[in-house]
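Asker: Enclosed is the structure file run_19.txt (compact mmCIF, C-alpha atoms).
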# COMPACT_ATOMS: atom_id res chain seq x y z
CA MET A 11 -14.09 -12.63 3.07
CA ALA A 12 -13.87 -9.25 4.81
CA GLU A 13 -16.19 -6.43 3.87
CA SER A 14 -15.22 -4.36 0.85
CA SER A 15 -14.29 -0.74 1.34
CA THR A 16 -15.10 1.37 -1.67
CA THR A 17 -15.76 4.51 0.38
CA LEU A 18 -12.26 5.22 1.60
CA GLU A 19 -11.86 8.77 2.87
CA VAL A 20 -8.49 10.13 1.80
CA ILE A 21 -7.69 12.77 4.42
CA ASP A 22 -4.20 13.86 3.43
CA ILE A 23 -2.16 13.16 0.38
CA PRO A 24 1.07 14.88 -0.66
CA GLU A 25 0.33 17.49 -3.34
CA HIS A 26 3.84 17.45 -4.82
CA CYS A 27 3.52 14.17 -6.74
CA GLY A 28 3.40 15.85 -10.16
CA ASN A 29 7.14 16.36 -10.58
CA ALA A 30 7.99 12.76 -9.72
CA PRO A 31 5.81 10.26 -11.63
CA ARG A 32 6.79 7.37 -9.35
CA LYS A 33 5.33 9.27 -6.38
CA ALA A 34 1.97 9.36 -8.13
CA ILE A 35 2.24 5.62 -8.87
CA ILE A 36 2.90 4.89 -5.18
CA ARG A 37 0.06 7.18 -4.10
CA ASP A 38 -2.34 5.46 -6.49
CA PHE A 39 -1.12 2.02 -5.38
CA LEU A 40 -1.74 2.84 -1.70
CA VAL A 41 -5.19 4.31 -2.34
CA ALA A 42 -6.09 1.14 -4.30
CA LEU A 43 -4.63 -1.02 -1.51
CA TYR A 44 -6.72 0.60 1.21
CA GLN A 45 -9.83 0.78 -0.97
CA ARG A 46 -9.28 -2.96 -1.40
CA ASP A 47 -9.28 -2.66 -5.19
CA THR A 48 -7.46 -5.96 -5.67
CA GLN A 49 -7.29 -5.74 -9.46
CA GLN A 50 -5.66 -2.30 -9.34
CA VAL A 51 -3.21 -3.43 -6.64
CA LEU A 52 -2.17 -6.49 -8.64
CA GLU A 53 -1.61 -4.38 -11.76
CA HIS A 54 1.20 -2.58 -9.90
CA LEU A 55 2.90 -5.81 -8.75
CA ARG A 56 5.09 -8.35 -10.50
CA ASP A 57 3.57 -11.83 -10.51
CA ASP A 58 6.53 -13.03 -8.39
CA VAL A 59 6.27 -10.17 -5.89
CA GLU A 60 7.63 -10.77 -2.40
CA TRP A 61 5.78 -8.83 0.32
CA HIS A 62 7.17 -8.91 3.86
CA VAL A 63 4.66 -7.84 6.48
CA VAL A 64 7.33 -7.42 9.13
CA GLY A 65 6.72 -9.44 12.26
CA THR A 66 3.83 -11.44 10.85
CA GLU A 67 4.22 -13.03 7.42
CA THR A 68 5.82 -13.03 3.99
CA LEU A 69 3.65 -13.26 0.89
CA GLN A 70 5.17 -14.97 -2.15
CA GLY A 71 3.53 -14.13 -5.48
CA SER A 72 0.44 -12.29 -6.61
CA ASP A 73 -1.92 -15.15 -5.68
CA ALA A 74 -0.78 -14.97 -2.04
CA VAL A 75 -1.22 -11.18 -2.10
CA GLN A 76 -4.74 -11.52 -3.45
CA THR A 77 -5.68 -14.02 -0.73
CA TRP A 78 -4.18 -11.75 1.95
CA LEU A 79 -6.01 -8.67 0.61
CA ASP A 80 -9.32 -10.53 0.68
CA GLN A 81 -8.82 -11.12 4.43
CA GLN A 82 -8.04 -7.50 5.39
CA SER A 83 -10.46 -5.28 7.28
CA GLY A 84 -12.08 -2.31 5.62
CA VAL A 85 -10.28 0.99 6.10
CA LYS A 86 -12.35 4.08 6.83
CA SER A 87 -9.70 6.72 6.19
CA LEU A 88 -6.16 7.08 4.87
CA SER A 89 -3.72 9.83 5.72
CA LEU A 90 -0.62 9.58 3.54
CA THR A 91 2.10 11.68 5.14
CA THR A 92 5.19 11.14 2.98
CA VAL A 93 6.11 9.54 -0.34
CA ILE A 94 9.84 9.27 -1.02
CA THR A 95 11.47 8.00 -4.22
CA HIS A 96 15.08 7.35 -5.08
CA GLY A 97 15.48 5.38 -8.27
CA THR A 98 13.91 1.97 -7.77
CA ASP A 99 13.80 2.31 -3.96
CA CYS A 100 10.76 4.10 -2.58
CA GLY A 101 8.85 4.53 0.65
CA ALA A 102 5.61 5.90 2.02
CA ASP A 103 4.18 6.38 5.49
CA GLY A 104 0.97 7.50 7.09
CA THR A 105 -1.95 6.40 9.21
CA LEU A 106 -5.12 4.41 8.72
CA GLU A 107 -8.37 4.47 10.65
CA PHE A 108 -10.53 1.36 10.52
CA ARG A 109 -14.32 1.20 10.73
CA ASP A 110 -14.12 -0.08 14.31
CA GLY A 111 -12.29 3.11 15.39
CA THR A 112 -8.83 1.55 15.74
CA ALA A 113 -5.84 3.12 14.00
CA LEU A 114 -2.62 1.88 12.45
CA GLY A 115 0.58 3.64 11.51
CA PHE A 116 2.28 2.27 8.42
CA ASN A 117 5.48 2.48 6.48
CA HIS A 118 5.86 0.65 3.19
CA VAL A 119 9.25 0.27 1.51
CA LEU A 120 8.68 -0.51 -2.16
CA ILE A 121 11.36 -1.75 -4.56
CA PHE A 122 10.57 -1.50 -8.26
CA ALA A 123 11.91 -4.00 -10.80
CA GLY A 124 13.51 -1.26 -12.91
CA HIS A 125 13.75 2.45 -13.65
CA SER A 126 11.13 2.66 -16.43
CA LYS A 127 7.72 4.24 -15.84
CA THR A 128 6.12 0.85 -16.48
CA ALA A 129 8.31 -1.09 -14.01
CA LYS A 130 6.30 -3.04 -11.47
CA ILE A 131 6.88 -3.47 -7.76
CA LYS A 132 8.99 -6.56 -7.04
CA THR A 133 9.44 -6.28 -3.24
CA ILE A 134 7.52 -4.62 -0.41
CA ARG A 135 8.39 -4.41 3.28
CA SER A 136 5.50 -3.21 5.40
CA TYR A 137 5.81 -2.00 8.96
CA LEU A 138 2.40 -1.80 10.65
CA VAL A 139 2.09 -0.29 14.12
CA PRO A 140 -1.18 -0.33 16.12
CA LEU A 141 -2.01 3.16 17.41
CA GLY A 142 -5.02 2.30 19.54
CA SER A 143 -8.48 3.79 19.17
CA MET A 144 -9.28 7.04 17.37
CA THR A 145 -12.67 7.36 19.11
Would you mind writing the structure in this file as structure tokens?

Answerer:
Amino acid sequence: MAESSTTLEVIDIPEHCGNAPRKAIIRDFLVALYQRDTQQVLEHLRDDVEWHVVGTETLQGSDAVQTWLDQQSGVKSLSLTTVITHGTDCGADGTLEFRDGTALGFNHVLIFAGHSKTAKIKTIRSYLVPLGSMT
């Protein structure tokens, strides 16, 4: 199991999440994801979630997501650049810096199961791009 990261530094986060509740949900989901708060992440997902990590793997169901999360490296800092919502279709992008000094650009496309405030995420497509070393 990879080391846990409870000391995630959140460098940038869009301030305009208040007028769009789904933006705040996505922001909170991503902070939990990169803090490796598995319980909080799973609370946002349907049990039958399908998560495509483009170019590497597809995770089927919350058990597969939990196993995958347990194997991820600890993130030192998160910079969330944009959160976009349009009905059930949403997206977010930004950058991550890992404890070893390497960086990753990300874009997550999130599809919610419905329009209600309590709807859970049913599909995620994640695009992860290595950016090299930040040091």

Asker: Excluding same-chain residues fewer than 2 positions from Ala74 in chain A, what lies within 12 Å of it counting all atoms listed in the file, as an NGL selection string?

Answerer: :A and (48 or 52 or 55 or 57-62 or 67-72 or 76-81)

Asker: In Å, rounded to a single decimal, give me how far CA of Arg37 in chain A is from CA of Asp99 in chain A.

Answerer: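 Between CA of Asp99 in chain A and CA of Arg37 in chain A the gap works out to 14.6 Å.
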
Asker: Could you check which residues have any atom within 8 Å of (15.8, 2.2, -7.5), counting all atoms listed in the file with coordinates taken straight from the file, and then list them as a short mmCIF file (atom, residue, chain, number, x, y, z; two decimals) with C-alpha atoms, keeping the file's coordinate frame?

Answerer:
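Below is the file part_21.cif, written as the result:
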data_model
loop_
_atom_site.label_atom_id
_atom_site.label_comp_id
_atom_site.auth_asym_id
_atom_site.auth_seq_id
_atom_site.Cartn_x
_atom_site.Cartn_y
_atom_site.Cartn_z
CA THR A 95 11.47 8.00 -4.22
CA HIS A 96 15.08 7.35 -5.08
CA GLY A 97 15.48 5.38 -8.27
CA THR A 98 13.91 1.97 -7.77
CA ASP A 99 13.80 2.31 -3.96
CA CYS A 100 10.76 4.10 -2.58
CA ILE A 121 11.36 -1.75 -4.56
CA PHE A 122 10.57 -1.50 -8.26
CA GLY A 124 13.51 -1.26 -12.91
CA HIS A 125 13.75 2.45 -13.65
#

Asker: Calculated over all atoms listed in the file, which of the candidates A:Leu88, A:Val63, A:Leu106, A:Ile35 has the smallest distance to Ser136 in chain A?

Answerer: A:Val63

Asker: What does the structure give for the distance between CA of Thr66 in chain A and CA of Gly142 in chain A, in Å to one decimal?

Answerer: 18.5 Å

Asker: Skipping near chain neighbours, those fewer than 4 positions away, what residues fall within 12 Å of Thr17 in chain A using all atoms listed in the file, listed as a VMD selection string?

Answerer: chain A and resid 13 41 to 42 44 to 47 84 to 88 108 to 109

Asker: Measuring atom to atom with all atoms listed in the file, identify which of A:Ala129, A:Thr92, A:Ala113, A:Pro140 is nearest to Leu40 in chain A.

Answerer: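 With all atoms listed in the file as the atom set, the closest residue is A:Thr92.
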
Asker: Between A:Arg56, A:Ile131, A:Val64, A:Gly101, which is the closest to Val119 in chain A once you count all atoms listed in the file?

Answerer: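 Closest to Val119 in chain A, using all atoms listed in the file: A:Gly101.
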
Asker: Go ahead and compute the interatomic distance for CA of Val139 in chain A and CA of Glu19 in chain A, in Å to one decimal.

Answerer: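 Rounded to one decimal, the two atoms are 20.1 Å apart.
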
Asker: Build an axis-aligned box that encloses every atom of range 134-141 of chain A listed in the file, pad it by 6 Å on each side, and report its centre and edge lengths in Å to one decimal, as JSON.

Answerer:
{"center_x": 3.2, "center_y": -0.7, "center_z": 8.5, "size_x": 22.4, "size_y": 19.8, "size_z": 29.8}

Asker: Could you tell me which of A:Ser89, A:Gln82, A:Gln49, A:Thr133 comes closest to Asp103 in chain A if we count all atoms listed in the file?

Answerer: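 Residue with the minimum atom-to-atom distance to Asp103 in chain A: A:Ser89.
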
Asker: Would you mind telling me which residue in A:Gly65, A:Tyr137, A:Val75, A:Phe116 lies nearest to Thr91 in chain A when using only C-alpha atoms?

Answerer: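 Checking each candidate against Thr91 in chain A, we get A:Phe116 as the closest.
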